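One file, coords-v4.cif, is given below (mmCIF, C-alpha atoms).
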```
data_run
loop_
_atom_site.label_atom_id
_atom_site.label_comp_id
_atom_site.auth_asym_id
_atom_site.auth_seq_id
_atom_site.Cartn_x
_atom_site.Cartn_y
_atom_site.Cartn_z
CA PHE G 1 61.35 0.81 5.21
CA ASP G 2 59.24 -1.07 2.71
CA VAL G 3 55.74 0.31 3.23
CA GLY G 4 52.54 -0.69 1.48
CA VAL G 5 49.82 1.94 1.18
CA PHE G 6 46.17 1.18 0.46
CA ALA G 7 44.26 4.07 -1.10
CA GLY G 8 40.80 2.83 -1.91
CA PRO G 9 37.24 2.37 -0.71
CA LEU G 10 36.41 0.46 2.45
CA GLU G 11 34.59 -2.22 0.48
CA ARG G 12 33.99 -5.59 2.11
CA SER G 13 34.62 -7.59 -1.07
CA ILE G 14 38.06 -5.99 -1.46
CA LEU G 15 39.28 -5.91 2.13
CA GLY G 16 37.81 -9.28 3.05
CA GLY G 17 38.27 -11.29 -0.15
CA THR G 18 41.38 -9.94 -1.88
CA GLN G 19 44.99 -10.57 -0.90
CA PRO G 20 47.01 -9.27 0.81
CA PHE G 21 44.21 -7.27 2.44
CA ALA G 22 42.36 -10.34 3.72
CA ALA G 23 45.55 -11.79 5.24
CA LEU G 24 46.15 -8.50 7.03
CA SER G 25 42.57 -8.55 8.40
CA MET G 26 41.95 -5.12 6.94
CA GLN G 27 38.21 -5.78 6.99
CA GLY G 28 38.43 -4.71 10.63
CA LEU G 29 38.87 -1.15 9.38
CA ILE G 30 35.16 -1.09 8.49
CA LEU G 31 33.28 0.26 11.50
CA TYR G 32 29.61 1.22 11.55
CA LEU G 33 29.72 3.53 14.55
CA MET G 34 28.13 6.94 14.91
CA SER G 35 30.57 9.33 16.57
CA GLY G 36 30.00 11.11 19.84
CA CYS G 37 27.99 10.00 22.82
CA CYS G 38 25.82 7.62 20.75
CA SER G 39 28.66 5.42 19.52
CA TRP G 40 27.84 2.76 22.11
CA CYS G 41 24.21 2.41 20.95
CA THR G 42 24.80 2.10 17.20
CA PHE G 43 24.58 -1.72 17.34
CA SER G 44 27.60 -2.19 15.07
CA TRP G 45 27.25 -5.99 15.17
CA LEU G 46 23.71 -5.65 13.85
CA ALA G 47 24.86 -3.18 11.20
CA ASP G 48 27.57 -5.59 10.04
CA ALA G 49 25.04 -8.44 9.76
CA MET G 50 22.64 -6.12 7.93
CA VAL G 51 25.26 -5.19 5.33
CA TRP G 52 25.96 -8.86 4.72
CA PHE G 53 22.25 -9.69 4.36
CA LEU G 54 21.51 -6.71 2.10
CA ALA G 55 24.53 -7.53 -0.05
CA PHE G 56 23.35 -11.15 -0.34
CA LEU G 57 19.90 -10.01 -1.44
CA HIS G 58 21.38 -7.52 -3.90
CA ASP G 59 23.90 -9.93 -5.42
CA HIS G 60 21.85 -13.14 -5.54
CA VAL G 61 18.10 -12.48 -5.11
CA VAL G 62 16.65 -9.10 -6.17
CA PHE G 63 19.73 -7.38 -7.70
CA ASP G 64 18.62 -3.95 -6.44
CA TRP G 65 19.36 -2.15 -3.17
CA GLY G 66 15.90 -0.60 -2.86
CA LEU G 67 14.21 -3.97 -3.30
CA ALA G 68 16.72 -5.48 -0.86
CA ILE G 69 15.59 -2.98 1.79
CA ILE G 70 11.95 -3.91 1.15
CA VAL G 71 12.77 -7.62 1.48
CA LEU G 72 14.56 -6.81 4.73
CA VAL G 73 11.31 -5.20 5.96
CA ILE G 74 9.33 -8.34 5.12
CA VAL G 75 11.84 -10.58 6.88
CA VAL G 76 11.91 -8.45 10.04
CA ARG G 77 8.12 -8.11 10.19
CA GLY G 78 7.78 -11.84 9.66
CA LEU G 79 10.10 -12.62 12.56
CA LEU G 80 8.21 -10.18 14.81
CA HIS G 81 4.75 -11.31 13.69
CA PRO G 82 4.07 -13.71 16.62
CA LEU G 83 4.94 -10.99 19.12
CA THR G 84 2.99 -8.34 17.18
CA ARG G 85 -0.08 -10.57 16.95
CA ARG G 86 0.01 -11.39 20.65
CA SER G 87 0.45 -7.75 21.72
CA GLN G 88 -2.39 -6.55 19.47
CA ILE G 89 -4.75 -9.20 20.79
CA ALA G 90 -3.83 -8.18 24.34
CA MET G 91 -4.58 -4.52 23.56
CA MET G 92 -7.94 -5.39 22.02
CA ARG G 93 -8.79 -7.61 25.01
CA VAL G 94 -8.05 -4.83 27.48
CA SER G 95 -10.08 -2.34 25.45
CA LYS G 96 -13.16 -4.60 25.32
CA GLN G 97 -12.86 -5.63 28.96
CA MET G 98 -12.64 -2.00 30.05
CA ALA G 99 -15.73 -1.22 27.97
CA ALA G 100 -17.58 -4.09 29.63
CA ILE G 101 -16.86 -2.88 33.18
CA LYS G 102 -17.32 0.83 32.43
CA PRO G 103 -20.66 1.09 34.29
CA GLU G 104 -19.08 -0.33 37.42
CA LEU G 105 -16.08 1.99 37.09
CA ASP G 106 -18.42 4.96 36.78
CA ALA G 107 -20.29 3.84 39.89
CA LEU G 108 -17.03 3.57 41.84
CA GLN G 109 -15.96 7.04 40.72
CA LYS G 110 -19.26 8.50 41.94
CA ARG G 111 -19.16 6.61 45.23
CA TYR G 112 -15.55 7.48 46.13
CA LYS G 113 -15.15 10.78 44.34
CA ASP G 114 -13.91 12.39 47.58
CA ASP G 115 -11.59 9.52 48.53
CA PRO G 116 -8.98 8.95 45.77
CA LYS G 117 -7.08 6.33 47.77
CA GLN G 118 -10.16 4.20 48.36
CA LEU G 119 -11.16 4.66 44.70
CA GLN G 120 -7.79 3.29 43.61
CA GLN G 121 -8.11 0.29 45.94
CA GLU G 122 -11.65 -0.52 44.79
CA THR G 123 -10.67 -0.13 41.14
CA ILE G 124 -7.78 -2.57 41.54
CA ARG G 125 -10.13 -4.97 43.36
CA LEU G 126 -12.59 -4.77 40.45
CA TYR G 127 -9.77 -5.43 37.98
CA ARG G 128 -8.70 -8.47 39.97
CA GLU G 129 -12.23 -9.89 40.22
CA ARG G 130 -12.93 -9.44 36.51
CA GLY G 131 -9.49 -10.60 35.35
CA VAL G 132 -8.64 -7.29 33.68
CA ASN G 133 -4.97 -6.49 33.17
CA PRO G 134 -4.58 -2.78 32.28
CA LEU G 135 -0.87 -3.32 31.70
CA GLY G 136 -1.74 -5.40 28.64
CA CYS G 137 -1.79 -2.22 26.55
CA ALA G 138 1.88 -1.61 27.32
CA GLY G 139 2.90 -4.52 25.12
CA GLY G 140 1.52 -2.82 22.04
CA MET G 141 4.63 -0.65 21.66
CA LEU G 142 7.05 -3.54 22.17
CA PRO G 143 7.38 -4.49 18.45
CA THR G 144 8.18 -0.83 17.63
CA PHE G 145 10.86 -0.67 20.33
CA LEU G 146 12.37 -3.92 19.04
CA GLN G 147 12.68 -2.38 15.56
CA MET G 148 14.48 0.73 16.81
CA PRO G 149 17.90 -1.01 16.89
CA ILE G 150 17.33 -1.93 13.25
CA TRP G 151 16.55 1.70 12.37
CA ILE G 152 19.70 2.91 14.14
CA ALA G 153 21.89 0.22 12.57
CA LEU G 154 20.42 0.88 9.12
CA TYR G 155 21.12 4.60 9.52
CA ALA G 156 24.76 3.79 10.33
CA VAL G 157 24.95 1.39 7.36
CA LEU G 158 23.58 3.99 4.94
CA TYR G 159 25.93 6.60 6.38
CA PHE G 160 29.15 4.54 6.29
CA ALA G 161 28.76 1.49 4.01
CA PHE G 162 30.57 1.96 0.71
CA GLU G 163 28.34 -0.63 -1.00
CA LEU G 164 25.26 1.61 -0.72
CA ARG G 165 27.04 4.90 -1.45
CA GLN G 166 25.40 6.63 -4.45
CA GLN G 167 23.36 3.53 -5.25
CA PRO G 168 19.93 4.19 -6.82
CA ALA G 169 16.71 2.41 -5.94
CA PHE G 170 14.56 0.31 -8.27
CA PHE G 171 17.21 -0.22 -10.97
CA GLY G 172 17.61 3.53 -11.54
CA VAL G 173 14.22 3.86 -13.23
CA PHE G 174 13.80 7.46 -12.08
CA GLN G 175 17.27 8.41 -13.33
CA ALA G 176 16.30 7.05 -16.76
CA MET G 177 13.62 9.78 -16.94
CA GLY G 178 15.87 12.56 -18.13
CA GLY G 179 18.39 12.24 -15.31
CA TRP G 180 15.86 12.78 -12.51
CA GLY G 181 17.64 12.53 -9.18
CA PHE G 182 14.72 11.06 -7.21
CA LEU G 183 15.99 8.12 -5.09
CA GLY G 184 19.26 8.25 -6.98
CA ASP G 185 21.30 7.79 -3.80
CA LEU G 186 19.92 5.68 -0.95
CA SER G 187 22.51 7.12 1.42
CA ALA G 188 21.16 10.69 0.91
CA GLN G 189 17.76 12.38 0.97
CA ASP G 190 15.51 11.39 -1.91
CA GLY G 191 15.57 14.78 -3.70
CA PHE G 192 12.10 14.58 -5.24
CA ILE G 193 12.16 18.26 -6.29
CA PRO G 194 15.58 19.95 -5.98
CA LEU G 195 15.42 23.56 -4.87
CA PRO G 196 17.56 26.24 -6.53
CA PHE G 197 18.45 27.52 -3.07
CA SER G 198 19.18 26.17 0.40
CA VAL G 199 17.32 27.19 3.56
CA ASN G 200 18.89 26.82 6.99
CA LEU G 201 16.15 25.89 9.47
CA TYR G 202 18.67 25.43 12.32
CA VAL G 203 17.64 21.80 12.88
CA LEU G 204 17.95 20.82 9.20
CA GLN G 205 19.25 22.18 5.90
CA LEU G 206 16.40 22.30 3.39
CA SER G 207 17.74 21.92 -0.15
CA SER G 208 14.99 19.86 -1.80
CA VAL G 209 11.38 18.73 -1.44
CA ASN G 210 11.60 15.12 -0.26
CA LEU G 211 8.65 12.86 -1.03
CA VAL G 212 9.35 9.70 0.98
CA PRO G 213 9.24 11.40 4.44
CA LEU G 214 5.92 13.04 3.48
CA LEU G 215 4.54 9.68 2.37
CA MET G 216 5.81 8.22 5.64
CA GLY G 217 3.82 10.84 7.57
CA LEU G 218 0.71 10.00 5.51
CA VAL G 219 1.15 6.30 6.27
CA PHE G 220 1.53 7.11 9.97
CA TRP G 221 -1.72 9.08 9.83
CA VAL G 222 -3.57 6.17 8.20
CA GLN G 223 -2.18 3.80 10.81
CA GLN G 224 -3.22 6.04 13.71
CA LYS G 225 -6.68 6.72 12.28
CA TYR G 226 -7.75 3.24 11.31
CA MET G 227 -5.51 0.81 13.18
CA ALA G 228 -4.83 2.38 16.57
CA PRO G 229 -6.87 0.94 19.47
CA PRO G 230 -9.68 3.14 20.81
CA PRO G 231 -9.16 4.95 24.13
CA THR G 232 -10.11 3.01 27.23
CA PRO G 233 -13.48 4.01 28.75
CA ASN G 234 -12.02 5.06 32.12
CA MET G 235 -9.74 7.69 30.60
CA THR G 236 -10.39 11.28 31.61
CA PRO G 237 -10.90 13.96 28.92
CA GLU G 238 -7.42 15.28 29.71
CA GLN G 239 -5.89 11.83 29.18
CA GLN G 240 -7.77 11.40 25.90
CA GLN G 241 -6.51 14.79 24.74
CA GLN G 242 -2.95 13.81 25.64
CA GLN G 243 -3.36 10.57 23.67
CA VAL G 244 -4.53 12.52 20.62
CA MET G 245 -1.57 14.89 20.96
CA MET G 246 0.86 11.96 21.11
CA LYS G 247 -0.64 10.50 17.93
CA TRP G 248 -0.26 13.80 16.06
CA MET G 249 3.27 14.20 17.39
CA MET G 250 4.17 10.85 15.82
CA VAL G 251 2.54 11.82 12.53
CA ILE G 252 4.33 15.19 12.34
CA LEU G 253 7.49 14.82 14.41
CA PHE G 254 8.86 11.64 12.83
CA PRO G 255 8.74 12.90 9.21
CA PHE G 256 10.22 16.23 10.33
CA MET G 257 13.10 14.57 12.19
CA LEU G 258 13.81 12.21 9.28
CA TYR G 259 13.20 14.73 6.49
CA THR G 260 16.89 14.91 5.53
CA ALA G 261 17.72 11.35 6.64
CA PRO G 262 18.98 8.81 4.08
CA SER G 263 16.17 7.86 1.74
CA GLY G 264 16.92 4.18 2.35
CA LEU G 265 15.98 4.64 6.02
CA THR G 266 12.73 6.48 5.30
CA LEU G 267 11.93 3.88 2.64
CA TYR G 268 12.40 1.14 5.24
CA ILE G 269 10.21 2.84 7.89
CA ALA G 270 7.43 3.74 5.43
CA THR G 271 7.38 0.20 3.99
CA SER G 272 7.44 -1.33 7.48
CA THR G 273 4.46 0.82 8.51
CA LEU G 274 2.53 -0.21 5.40
CA VAL G 275 3.20 -3.87 6.14
CA GLY G 276 2.17 -3.22 9.75
CA ILE G 277 -1.19 -1.80 8.60
CA TYR G 278 -1.84 -4.93 6.52
CA GLU G 279 -0.73 -7.09 9.43
CA SER G 280 -3.05 -5.28 11.87
CA LYS G 281 -5.95 -5.67 9.46
CA ARG G 282 -5.37 -9.42 9.27
CA VAL G 283 -5.10 -9.72 13.06
CA ARG G 284 -8.32 -7.73 13.58
CA LYS G 285 -10.11 -9.98 11.11
CA GLU G 286 -8.76 -13.02 12.95
CA VAL G 287 -9.94 -11.88 16.39
CA ASP G 288 -13.43 -10.84 15.25
CA GLY G 289 -14.70 -14.28 16.25
CA MET G 290 -12.91 -14.31 19.62
CA ASP G 291 -14.62 -13.47 22.89
CA LEU G 292 -12.12 -10.97 24.25
CA THR G 293 -14.30 -9.95 27.18
CA LYS G 294 -13.19 -13.06 29.04
CA PRO G 295 -9.91 -12.91 30.99
CA ALA G 296 -6.82 -14.36 29.40
CA LYS G 297 -5.63 -17.82 30.36
CA PRO G 298 -3.44 -18.07 33.45
CA GLY G 299 0.22 -17.46 32.86
CA GLY G 300 -0.43 -14.99 30.08
CA GLY G 301 3.00 -13.43 29.93
CA TRP G 302 5.14 -11.10 31.98
CA LEU G 303 2.60 -8.26 31.83
CA ALA G 304 -0.06 -10.42 33.42
CA ARG G 305 2.36 -11.57 36.10
CA ALA G 306 3.37 -7.96 36.74
CA MET G 307 -0.27 -6.99 37.17
CA GLU G 308 -0.83 -9.89 39.57
CA ARG G 309 2.19 -8.84 41.65
CA ALA G 310 0.95 -5.24 41.74
CA GLN G 311 -2.50 -6.36 42.84
CA GLU G 312 -1.04 -8.64 45.51
CA ALA G 313 1.13 -5.81 46.84
CA GLN G 314 -1.94 -3.55 46.94
CA ARG G 315 -3.91 -6.20 48.84
CA ARG G 316 -1.16 -6.59 51.44
CA ALA G 317 -0.94 -2.83 51.85
CA GLN G 318 -4.67 -2.72 52.49
CA GLU G 319 -4.38 -5.44 55.14
CA ARG G 320 -1.54 -3.63 56.88
CA SER G 321 -3.48 -0.36 56.88
CA LYS G 322 -6.53 -2.04 58.45
CA ALA G 323 -4.56 -3.99 61.10
CA PRO G 324 -3.97 -2.18 64.45
CA SER G 325 -0.46 -0.97 65.01
CA ARG G 326 1.88 -2.85 67.38
CA LYS G 327 2.06 0.10 69.77
CA PHE G 328 -1.73 0.16 70.04
CA ARG G 329 -1.84 -3.62 70.71
CA ASP G 330 0.77 -3.34 73.42
CA ARG G 331 -1.35 -0.77 75.18
#
```

Do you think you could lay out the structure here as structure tokens?
Amino acid sequence: FDVGVFAGPLERSILGGTQPFAALSMQGLILYLMSGCCSWCTFSWLADAMVWFLAFLHDHVVFDWGLAIIVLVIVVRGLLHPLTRRSQIAMMRVSKQMAAIKPELDALQKRYKDDPKQLQQETIRLYRERGVNPLGCAGGMLPTFLQMPIWIALYAVLYFAFELRQQPAFFGVFQAMGGWGFLGDLSAQDGFIPLPFSVNLYVLQLSSVNLVPLLMGLVFWVQQKYMAPPPTPNMTPEQQQQQVMMKWMMVILFPFMLYTAPSGLTLYIATSTLVGIYESKRVRKEVDGMDLTKPAKPGGGWLARAMERAQEAQRRAQERSKAPSRKFRDR
């Protein structure tokens, strides 16, 4: 047998642009799939497109992988800006409308404090009369959920892509300072201060003090403190406490989970959050002159339609409960 053996890196430029590898379609050997039960949700098609786009930015635009990741953030946030703007305006509208009807909500709670079912019906009736859509706040998390596939695909790219293996950020400026290893490999943790020992914390292996995840937590804290919408007036003290706990969980849990993640991923998330803070500030400045206490225009999206369907179902249920039963009428 005449057998050819390839012993080399799974690099796209070699397998896809050099013969005989290109003729043999050996580029199909490159798979960005996390093993195990999550292999189906790695979004390998998105990871493949991301590698191509990052390589284009690195080779022809910014000539640095760290800057390419930052440009990727700007592109993604720009594409999601219309949706982000609309969802933030909807959240602010709901918050101001709920503040405007708070006295009436308090009066209903006092009047029907012993009848929770009637209180719910009257509250929905008040929402319908004033054009308030409480589900409008649910759209505020939609831009974050839409970015999650990008985070997962980027994690797979940094874990498998040969092009980013051992590649420094920002032209290796930190490595020029006496061989400092900070951000010297975007596919590994940033290694701000290497430790002379390793600590096994069961959920992660601590071998260095990493700066980028800590900065990411700080950016999350700034976002939650200054940019998060205020709690709605009808929330109970228990619900407000749960909301505060969820905010602190995001500030602490995310950096802890991503503490040993590839520094390219934490760089992306931290930069995206910073851009989001600037974006929220611009949107808030834009809506300062809007009268958000008025109801939104008819046909204001799927959340408004969902609220209308829920209110209509509630109204029909009320009519059925008030109507005499068929057995009673027959008598």

Practice task
Name every residue that the PyMOL selection byres ((chain G and resi 188) around 9) selects in this structure, writing the answer as a list of chain:residue names with chains first and numbers rising.
Solution key: G:Leu158, G:Tyr159, G:Arg165, G:Gln166, G:Leu183, G:Gly184, G:Asp185, G:Leu186, G:Ser187, G:Gln189, G:Asp190, G:Gly191, G:Thr260, G:Ala261, G:Pro262, G:Ser263, G:Gly264

Practice task
Let me know the residues the PyMOL selection byres ((chain G and resi 215) around 12) catches in the file above, as a ChimeraX atom specification.
Solution key: /G:190,192,209-214,216-222,251-252,254-256,258-259,263,266-271,273-274

Exercise for the section: Quote the spacing between atom CA of G:His81 and atom CA of G:Glu279 in Å to one decimal place. Expected result: 8.1 Å

Exercise for the section: Can you turn the PyMOL selection byres ((chain G and resi 22-31) around 10) into a concrete residue list for this file, as a VMD selection string? Expected result: chain G and resid 6 10 to 21 32 to 34 44 to 45 47 to 48 156 to 157 160 to 162

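Remark: for G:Glu163, the closest of the candidate residues G:Met249, G:Leu54, G:Leu108, G:Ala90 is G:Leu54 (distances computed over all atoms listed in the file).
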
Handout entry: Between atom CA of G:Ser87 and atom CA of G:Leu72 - distance in Å to one decimal
Key =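 We find that atom CA of G:Leu72 and atom CA of G:Ser87 lie 22.1 Å from each other.
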
Completion exercise
Correct to one decimal, the distance atom CA of G:Met257-atom CA of G:Leu46 is 22.9 Å

Completion exercise
Closest of G:Pro9, G:Pro116, G:Pro149, G:Pro82 to G:Val283, counting all atoms listed in the file, is G:Pro82

Would you give the centre and edge lengths, in Å to one decimal, of a box along x, y and z around the listed atoms of stretch 147-163 of chain G, with 3 Å added to each side, as JSON?
```
{"center_x": 21.6, "center_y": 2.1, "center_z": 7.9, "size_x": 23.9, "size_y": 15.0, "size_z": 23.9}
```

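In this comparison, which uses only C-alpha atoms, the residue of G:Phe53, G:Tyr202, G:Phe145, G:Phe63 approaching G:Thr84 most closely is G:Phe145.
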
Excluding G:Gly172 and residues on its chain fewer than 3 positions from it, collect all residues at most 10 Å away from it, counting all atoms listed in the file, and give them as a compact mmCIF listing (two decimals) with C-alpha atoms, in the coordinates of the input.
```txt
# COMPACT_ATOMS: atom_id res chain seq x y z
CA ASP G 64 18.62 -3.95 -6.44
CA GLY G 66 15.90 -0.60 -2.86
CA GLN G 167 23.36 3.53 -5.25
CA PRO G 168 19.93 4.19 -6.82
CA ALA G 169 16.71 2.41 -5.94
CA GLN G 175 17.27 8.41 -13.33
CA ALA G 176 16.30 7.05 -16.76
CA MET G 177 13.62 9.78 -16.94
CA GLY G 179 18.39 12.24 -15.31
CA TRP G 180 15.86 12.78 -12.51
CA GLY G 181 17.64 12.53 -9.18
CA PHE G 182 14.72 11.06 -7.21
CA LEU G 183 15.99 8.12 -5.09
CA GLY G 184 19.26 8.25 -6.98
CA ASP G 185 21.30 7.79 -3.80
```

Practice task
Using all atoms listed in the file, find the one residue out of G:Thr144, G:Thr123, G:Asn133, G:Gln205 that sits nearest to G:Gly276.
Solution key: G:Thr144

Practice task
Give the answer as one residue: which of G:Val76, G:Leu195, G:Leu206, G:Val71 has the shortest atom-to-atom distance to G:Met148, using only C-alpha atoms?
Solution key: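 Comparing G:Val76, G:Leu195, G:Leu206, G:Val71 against G:Met148, the winner is G:Val76.
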
Practice task
Step by step: start from the point (15.4, 25.2, 1.9) in the file's coordinates, keep every protein, DNA or RNA residue that has an atom no farther than 10 Å from it, count all atoms listed in the file, and write the set as JSON, numbers by chain.
Solution key: {"G": [194, 195, 196, 197, 198, 199, 200, 201, 204, 205, 206, 207, 208, 209]}
